[in-house]
>>> print(open('target.pdb').read())   # PDB, C-alpha atoms
MODEL        1
ATOM      1  CA  GLN A   1     -44.440   3.931 -27.726
ATOM      2  CA  PRO A   2     -47.415   4.926 -25.514
ATOM      3  CA  ASP A   3     -51.073   4.814 -26.473
ATOM      4  CA  ALA A   4     -53.538   7.699 -26.016
ATOM      5  CA  HIS A   5     -52.996   7.695 -22.222
ATOM      6  CA  PRO A   6     -49.226   7.751 -21.630
ATOM      7  CA  GLU A   7     -49.665   8.945 -18.053
ATOM      8  CA  GLU A   8     -50.904   5.451 -17.140
ATOM      9  CA  ASN A   9     -47.771   3.547 -18.160
ATOM     10  CA  SER A  10     -44.570   2.767 -16.289
ATOM     11  CA  PHE A  11     -42.127  -0.128 -16.004
ATOM     12  CA  GLU A  12     -39.417  -1.642 -13.859
ATOM     13  CA  VAL A  13     -36.747  -4.305 -14.282
ATOM     14  CA  LEU A  14     -35.845  -6.452 -11.280
ATOM     15  CA  ALA A  15     -32.791  -8.618 -10.702
ATOM     16  CA  ALA A  16     -33.071 -12.132  -9.256
ATOM     17  CA  SER A  17     -32.690 -10.572  -5.790
ATOM     18  CA  ASN A  18     -35.823  -8.450  -6.524
ATOM     19  CA  ALA A  19     -33.702  -5.282  -6.487
ATOM     20  CA  VAL A  20     -34.916  -2.742  -9.048
ATOM     21  CA  VAL A  21     -32.175  -2.171 -11.637
ATOM     22  CA  LEU A  22     -34.123   0.021 -14.069
ATOM     23  CA  ARG A  23     -37.342   2.006 -13.747
ATOM     24  CA  GLY A  24     -39.149   4.481 -15.955
ATOM     25  CA  SER A  25     -42.439   5.823 -17.262
ATOM     26  CA  ALA A  26     -43.930   6.893 -20.567
ATOM     27  CA  ASP A  27     -43.442  10.432 -21.841
ATOM     28  CA  PRO A  28     -46.500  12.497 -20.765
ATOM     29  CA  GLY A  29     -46.557  14.123 -24.184
ATOM     30  CA  GLY A  30     -46.901  10.772 -25.937
ATOM     31  CA  ALA A  31     -43.441  10.630 -27.527
ATOM     32  CA  ALA A  32     -41.653   7.304 -27.783
ATOM     33  CA  THR A  33     -39.084   6.847 -25.013
ATOM     34  CA  GLU A  34     -36.144   4.503 -24.527
ATOM     35  CA  SER A  35     -34.348   3.459 -21.349
ATOM     36  CA  SER A  36     -31.228   1.314 -21.204
ATOM     37  CA  ALA A  37     -28.811  -0.165 -18.694
ATOM     38  CA  CYS A  38     -25.648  -2.278 -18.748
ATOM     39  CA  LEU A  39     -26.553  -5.376 -16.775
ATOM     40  CA  PRO A  40     -24.474  -8.351 -15.641
ATOM     41  CA  ALA A  41     -25.411 -11.767 -16.990
ATOM     42  CA  GLY A  42     -28.467 -13.299 -15.371
ATOM     43  CA  ARG A  43     -32.235 -13.512 -15.358
ATOM     44  CA  TYR A  44     -34.298 -10.383 -14.918
ATOM     45  CA  ALA A  45     -38.005  -9.694 -14.536
ATOM     46  CA  LEU A  46     -39.594  -6.931 -16.611
ATOM     47  CA  ALA A  47     -42.917  -5.568 -15.360
ATOM     48  CA  VAL A  48     -44.906  -3.032 -17.398
ATOM     49  CA  PHE A  49     -47.828  -1.339 -15.653
ATOM     50  CA  ASP A  50     -51.032   0.301 -16.868
ATOM     51  CA  GLU A  51     -53.112   2.120 -14.241
ATOM     52  CA  ARG A  52     -56.396   1.780 -16.138
ATOM     53  CA  GLY A  53     -56.019  -1.932 -16.833
ATOM     54  CA  ASP A  54     -56.367  -1.750 -20.607
ATOM     55  CA  GLY A  55     -52.729  -2.235 -21.536
ATOM     56  CA  MET A  56     -51.497   0.065 -24.262
ATOM     57  CA  THR A  57     -54.431  -0.308 -26.644
ATOM     58  CA  ALA A  58     -56.359   2.937 -26.049
ATOM     59  CA  GLY A  59     -56.950   5.444 -28.831
ATOM     60  CA  PRO A  60     -56.852   5.324 -32.620
ATOM     61  CA  ALA A  61     -53.143   4.371 -32.652
ATOM     62  CA  PRO A  62     -52.444   1.704 -30.004
ATOM     63  CA  GLY A  63     -49.047   1.819 -28.350
ATOM     64  CA  TYR A  64     -46.643  -0.943 -27.433
ATOM     65  CA  PHE A  65     -43.575  -1.706 -25.361
ATOM     66  CA  GLN A  66     -40.591  -3.744 -26.341
ATOM     67  CA  ALA A  67     -37.403  -4.953 -24.688
ATOM     68  CA  ALA A  68     -34.138  -5.818 -26.400
ATOM     69  CA  VAL A  69     -30.963  -7.519 -25.232
ATOM     70  CA  ALA A  70     -27.758  -6.776 -27.185
ATOM     71  CA  GLY A  71     -29.887  -5.301 -29.965
ATOM     72  CA  GLU A  72     -32.216  -8.298 -30.298
ATOM     73  CA  VAL A  73     -35.877  -7.650 -29.476
ATOM     74  CA  VAL A  74     -37.011 -10.312 -27.012
ATOM     75  CA  VAL A  75     -40.554  -9.085 -26.331
ATOM     76  CA  ARG A  76     -42.980  -6.623 -27.930
ATOM     77  CA  ARG A  77     -46.563  -6.258 -26.707
ATOM     78  CA  SER A  78     -49.499  -3.892 -26.467
ATOM     79  CA  SER A  79     -52.368  -6.044 -25.137
ATOM     80  CA  PHE A  80     -52.376  -6.742 -21.401
ATOM     81  CA  ALA A  81     -54.400  -5.715 -18.361
ATOM     82  CA  PHE A  82     -52.853  -3.941 -15.369
ATOM     83  CA  THR A  83     -49.422  -5.617 -15.499
ATOM     84  CA  ALA A  84     -47.379  -7.480 -18.098
ATOM     85  CA  HIS A  85     -44.574  -9.655 -16.702
ATOM     86  CA  HIS A  86     -41.717 -10.989 -18.812
ATOM     87  CA  GLN A  87     -38.518 -12.858 -18.097
ATOM     88  CA  ILE A  88     -35.417 -11.305 -19.659
ATOM     89  CA  LEU A  89     -32.190 -13.286 -20.063
ATOM     90  CA  VAL A  90     -28.839 -11.511 -20.303
ATOM     91  CA  ALA A  91     -25.837 -13.597 -21.402
ATOM     92  CA  ALA A  92     -22.259 -12.751 -20.483
ATOM     93  CA  PRO A  93     -20.211 -11.144 -23.279
ATOM     94  CA  GLY A  94     -18.647 -13.775 -25.512
ATOM     95  CA  GLU A  95     -20.741 -16.592 -24.060
ATOM     96  CA  PRO A  96     -23.463 -18.324 -26.029
ATOM     97  CA  PRO A  97     -26.934 -17.407 -24.826
ATOM     98  CA  ALA A  98     -28.732 -19.831 -22.529
ATOM     99  CA  PRO A  99     -31.093 -22.275 -24.255
ATOM    100  CA  THR A 100     -34.499 -20.721 -24.791
ATOM    101  CA  ALA A 101     -37.795 -21.658 -26.370
ATOM    102  CA  VAL A 102     -40.935 -19.801 -27.417
ATOM    103  CA  LEU A 103     -43.924 -20.502 -25.206
ATOM    104  CA  ALA A 104     -47.270 -19.564 -26.764
ATOM    105  CA  VAL A 105     -50.450 -19.174 -24.737
ATOM    106  CA  THR A 106     -53.599 -19.181 -26.893
ATOM    107  CA  ILE A 107     -56.918 -18.190 -25.348
ATOM    108  CA  VAL A 108     -60.242 -18.720 -27.140
ATOM    109  CA  GLU A 109     -62.642 -16.523 -25.181
ATOM    110  CA  ASP A 110     -66.018 -17.610 -23.834
ATOM    111  CA  ASP A 111     -68.967 -15.199 -23.522
ATOM    112  CA  TYR A 112     -67.379 -13.473 -20.493
ATOM    113  CA  PRO A 113     -63.708 -12.826 -21.325
ATOM    114  CA  ALA A 114     -63.245 -10.341 -18.469
ATOM    115  CA  GLU A 115     -63.489 -13.272 -16.034
ATOM    116  CA  THR A 116     -60.415 -15.004 -17.487
ATOM    117  CA  ALA A 117     -56.809 -14.528 -16.386
ATOM    118  CA  TRP A 118     -53.675 -16.667 -16.388
ATOM    119  CA  GLU A 119     -50.190 -16.723 -14.927
ATOM    120  CA  LEU A 120     -46.951 -18.576 -15.453
ATOM    121  CA  ARG A 121     -44.700 -19.149 -12.443
ATOM    122  CA  ASP A 122     -41.359 -20.799 -11.932
ATOM    123  CA  ALA A 123     -41.453 -24.429 -10.788
ATOM    124  CA  ALA A 124     -41.182 -23.417  -7.124
ATOM    125  CA  GLY A 125     -44.149 -21.082  -7.525
ATOM    126  CA  GLU A 126     -42.171 -18.194  -6.065
ATOM    127  CA  ARG A 127     -41.925 -15.847  -9.039
ATOM    128  CA  VAL A 128     -44.478 -14.823 -11.639
ATOM    129  CA  VAL A 129     -42.752 -15.088 -15.010
ATOM    130  CA  ALA A 130     -45.746 -13.885 -17.032
ATOM    131  CA  GLU A 131     -49.429 -13.150 -16.532
ATOM    132  CA  ASP A 132     -52.302 -11.730 -18.526
ATOM    133  CA  GLY A 133     -56.043 -11.497 -18.939
ATOM    134  CA  PRO A 134     -57.874 -13.156 -21.815
ATOM    135  CA  HIS A 135     -55.093 -12.429 -24.291
ATOM    136  CA  SER A 136     -52.988 -14.787 -26.387
ATOM    137  CA  VAL A 137     -49.247 -14.109 -26.139
ATOM    138  CA  GLN A 138     -45.860 -15.513 -27.110
ATOM    139  CA  LEU A 139     -42.910 -15.420 -24.708
ATOM    140  CA  ARG A 140     -39.267 -16.409 -25.063
ATOM    141  CA  LEU A 141     -38.271 -18.234 -21.902
ATOM    142  CA  ALA A 142     -35.223 -19.937 -20.491
ATOM    143  CA  ALA A 143     -35.348 -23.717 -20.595
ATOM    144  CA  GLY A 144     -36.752 -25.107 -17.363
ATOM    145  CA  GLU A 145     -39.842 -26.159 -15.447
ATOM    146  CA  TYR A 146     -42.814 -23.804 -15.087
ATOM    147  CA  ARG A 147     -46.380 -23.931 -13.804
ATOM    148  CA  PHE A 148     -49.220 -22.478 -15.894
ATOM    149  CA  THR A 149     -52.469 -21.620 -14.106
ATOM    150  CA  ILE A 150     -55.640 -20.297 -15.708
ATOM    151  CA  PHE A 151     -58.366 -18.657 -13.625
ATOM    152  CA  ASP A 152     -62.059 -17.952 -14.076
ATOM    153  CA  ALA A 153     -63.609 -15.413 -11.705
ATOM    154  CA  ALA A 154     -67.093 -16.992 -12.010
ATOM    155  CA  SER A 155     -65.744 -20.518 -11.378
ATOM    156  CA  ASP A 156     -67.286 -21.890 -14.584
ATOM    157  CA  GLY A 157     -64.152 -22.215 -16.723
ATOM    158  CA  LEU A 158     -64.093 -21.376 -20.410
ATOM    159  CA  CYS A 159     -66.473 -24.091 -21.603
ATOM    160  CA  CYS A 160     -69.269 -24.870 -22.040
ATOM    161  CA  ALA A 161     -72.059 -23.163 -20.051
ATOM    162  CA  TYR A 162     -71.410 -19.690 -21.476
ATOM    163  CA  GLY A 163     -69.670 -20.212 -24.781
ATOM    164  CA  PHE A 164     -67.084 -22.629 -26.080
ATOM    165  CA  GLY A 165     -63.776 -21.174 -24.981
ATOM    166  CA  SER A 166     -60.491 -22.975 -24.493
ATOM    167  CA  TYR A 167     -56.811 -22.512 -23.778
ATOM    168  CA  ALA A 168     -53.685 -24.069 -25.222
ATOM    169  CA  VAL A 169     -50.017 -23.847 -24.241
ATOM    170  CA  ALA A 170     -47.317 -24.687 -26.789
ATOM    171  CA  VAL A 171     -43.519 -24.785 -26.653
ATOM    172  CA  ASP A 172     -41.768 -24.079 -29.961
ATOM    173  CA  GLY A 173     -44.974 -25.009 -31.777
ATOM    174  CA  VAL A 174     -45.618 -28.262 -29.880
ATOM    175  CA  THR A 175     -48.826 -28.209 -27.816
ATOM    176  CA  VAL A 176     -48.134 -29.288 -24.237
ATOM    177  CA  ALA A 177     -51.421 -28.423 -22.489
ATOM    178  CA  THR A 178     -55.032 -27.744 -23.496
ATOM    179  CA  GLY A 179     -58.323 -27.359 -21.713
ATOM    180  CA  GLY A 180     -61.489 -25.380 -21.232
ATOM    181  CA  GLU A 181     -63.713 -27.241 -18.797
ATOM    182  CA  PHE A 182     -62.642 -26.377 -15.252
ATOM    183  CA  GLY A 183     -63.944 -24.479 -12.231
ATOM    184  CA  ALA A 184     -62.216 -21.553 -10.596
ATOM    185  CA  SER A 185     -58.769 -22.521 -11.883
ATOM    186  CA  GLU A 186     -56.687 -25.208 -13.521
ATOM    187  CA  ALA A 187     -52.919 -25.658 -13.213
ATOM    188  CA  VAL A 188     -50.534 -27.661 -15.388
ATOM    189  CA  ALA A 189     -46.796 -28.242 -15.253
ATOM    190  CA  VAL A 190     -44.975 -27.061 -18.360
ATOM    191  CA  THR A 191     -41.469 -28.063 -19.416
ATOM    192  CA  VAL A 192     -39.822 -25.446 -21.609
ATOM    193  CA  ALA A 193     -37.124 -26.945 -23.808
ATOM    194  CA  PRO A 194     -35.899 -25.957 -27.279
ATOM    195  CA  GLY A 195     -37.789 -27.881 -29.970
ATOM    196  CA  GLY A 196     -40.778 -28.419 -27.689
ATOM    197  CA  GLY A 197     -39.150 -31.423 -26.026
TER
ENDMDL
END
>>> encode(input="target.pdb", output="structure tokens")
Amino acid sequence: QPDAHPEENSFEVLAASNAVVLRGSADPGGAATESSACLPAGRYALAVFDERGDGMTAGPAPGYFQAAVAGEVVVRRSSFAFTAHHQILVAAPGEPPAPTAVLAVTIVEDDYPAETAWELRDAAGERVVAEDGPHSVQLRLAAGEYRFTIFDAASDGLCCAYGFGSYAVAVDGVTVATGGEFGASEAVAVTVAPGGG
């Protein structure tokens, strides 16, 4: 469902090989659109783009995007900057889904929120699993090792020269990383396992 500027929004889904398996854009007239594909089991990367960099929040009725696998909604968001990245897991028919957990990133803004951004990469650092500006989000991720990095464009962190901001990362409700005082960036390893363990 697009916001007041549907011409700014598009998306693509990439397989592990980085081949695009699904691509689309919002309806220019502002109507809700749906795209679907039958995909083999595996991990996929969903990227949703906004040309203006204000996500899907413009206008009196903000829009949103959502993705579902076998009828179950696995992500629904409206707040992001230029790009929202999400990992999508597709299980083989008849097989139990891979273990997953909910990773929550909570950002308490300082006086200059536009300077803040973060990303989550796989353990090898090769693929961005998720990224955002100064927004708090929840993601359902496959169990595994990840690396969370938070950035500050002014190199003064989130605390305490210009406000008392902070960040926290939790897995299934268990906090695994917190901070606020750093320079240009701070990186922490994050283990995603069901139950926060």
>>> resolve_selection(input="target.pdb", expression="the PyMOL selection byres ((chain A and resi 58) around 6)", output="PyMOL selection string")
chain A and resi 3-4+56-57+59+62
>>> closest_residue(input="target.pdb", among="A:Val90, A:Glu95, A:Ala19, A:Asp156", to="Gly71 (chain A)", atoms="all atoms listed in the file")
A:Val90
>>> resolve_selection(input="target.pdb", expression="the PyMOL selection byres ((chain A and resi 137-142) around 7)", output="VMD selection string")
chain A and resid 74 to 75 87 98 to 106 135 to 136 143 to 144
>>> write_last_selection(input="target.pdb", atoms="C-alpha atoms", output="mmCIF file, in the coordinates of the input")
data_model
loop_
_atom_site.group_PDB
_atom_site.id
_atom_site.type_symbol
_atom_site.label_atom_id
_atom_site.label_comp_id
_atom_site.auth_asym_id
_atom_site.auth_seq_id
_atom_site.Cartn_x
_atom_site.Cartn_y
_atom_site.Cartn_z
ATOM 1 C CA VAL A 74 -37.011 -10.312 -27.012
ATOM 2 C CA VAL A 75 -40.554 -9.085 -26.331
ATOM 3 C CA GLN A 87 -38.518 -12.858 -18.097
ATOM 4 C CA ALA A 98 -28.732 -19.831 -22.529
ATOM 5 C CA PRO A 99 -31.093 -22.275 -24.255
ATOM 6 C CA THR A 100 -34.499 -20.721 -24.791
ATOM 7 C CA ALA A 101 -37.795 -21.658 -26.370
ATOM 8 C CA VAL A 102 -40.935 -19.801 -27.417
ATOM 9 C CA LEU A 103 -43.924 -20.502 -25.206
ATOM 10 C CA ALA A 104 -47.270 -19.564 -26.764
ATOM 11 C CA VAL A 105 -50.450 -19.174 -24.737
ATOM 12 C CA THR A 106 -53.599 -19.181 -26.893
ATOM 13 C CA HIS A 135 -55.093 -12.429 -24.291
ATOM 14 C CA SER A 136 -52.988 -14.787 -26.387
ATOM 15 C CA ALA A 143 -35.348 -23.717 -20.595
ATOM 16 C CA GLY A 144 -36.752 -25.107 -17.363
#
>>> closest_residue(input="target.pdb", among="A:His5, A:Arg121, A:Arg52, A:His86", to="Gly30 (chain A)", atoms="only C-alpha atoms")
A:His5
>>> resolve_selection(input="target.pdb", expression="the PyMOL selection byres ((chain A and resi 120) around 10)", output="ChimeraX atom specification")
/A:85-86,105,118-119,121-123,125,127-132,146-150,187-190
>>> atom_distance(input="target.pdb", atom1="CA of Ala68 (chain A)", atom2="CA of Thr116 (chain A)")
29.2 Å
>>> atom_distance(input="target.pdb", atom1="CA of Gly165 (chain A)", atom2="CA of Glu115 (chain A)")
11.9 Å
>>> closest_residue(input="target.pdb", among="A:Asp172, A:Asp54, A:Asp110, A:Glu8", to="Ser78 (chain A)", atoms="all atoms listed in the file")
A:Asp54
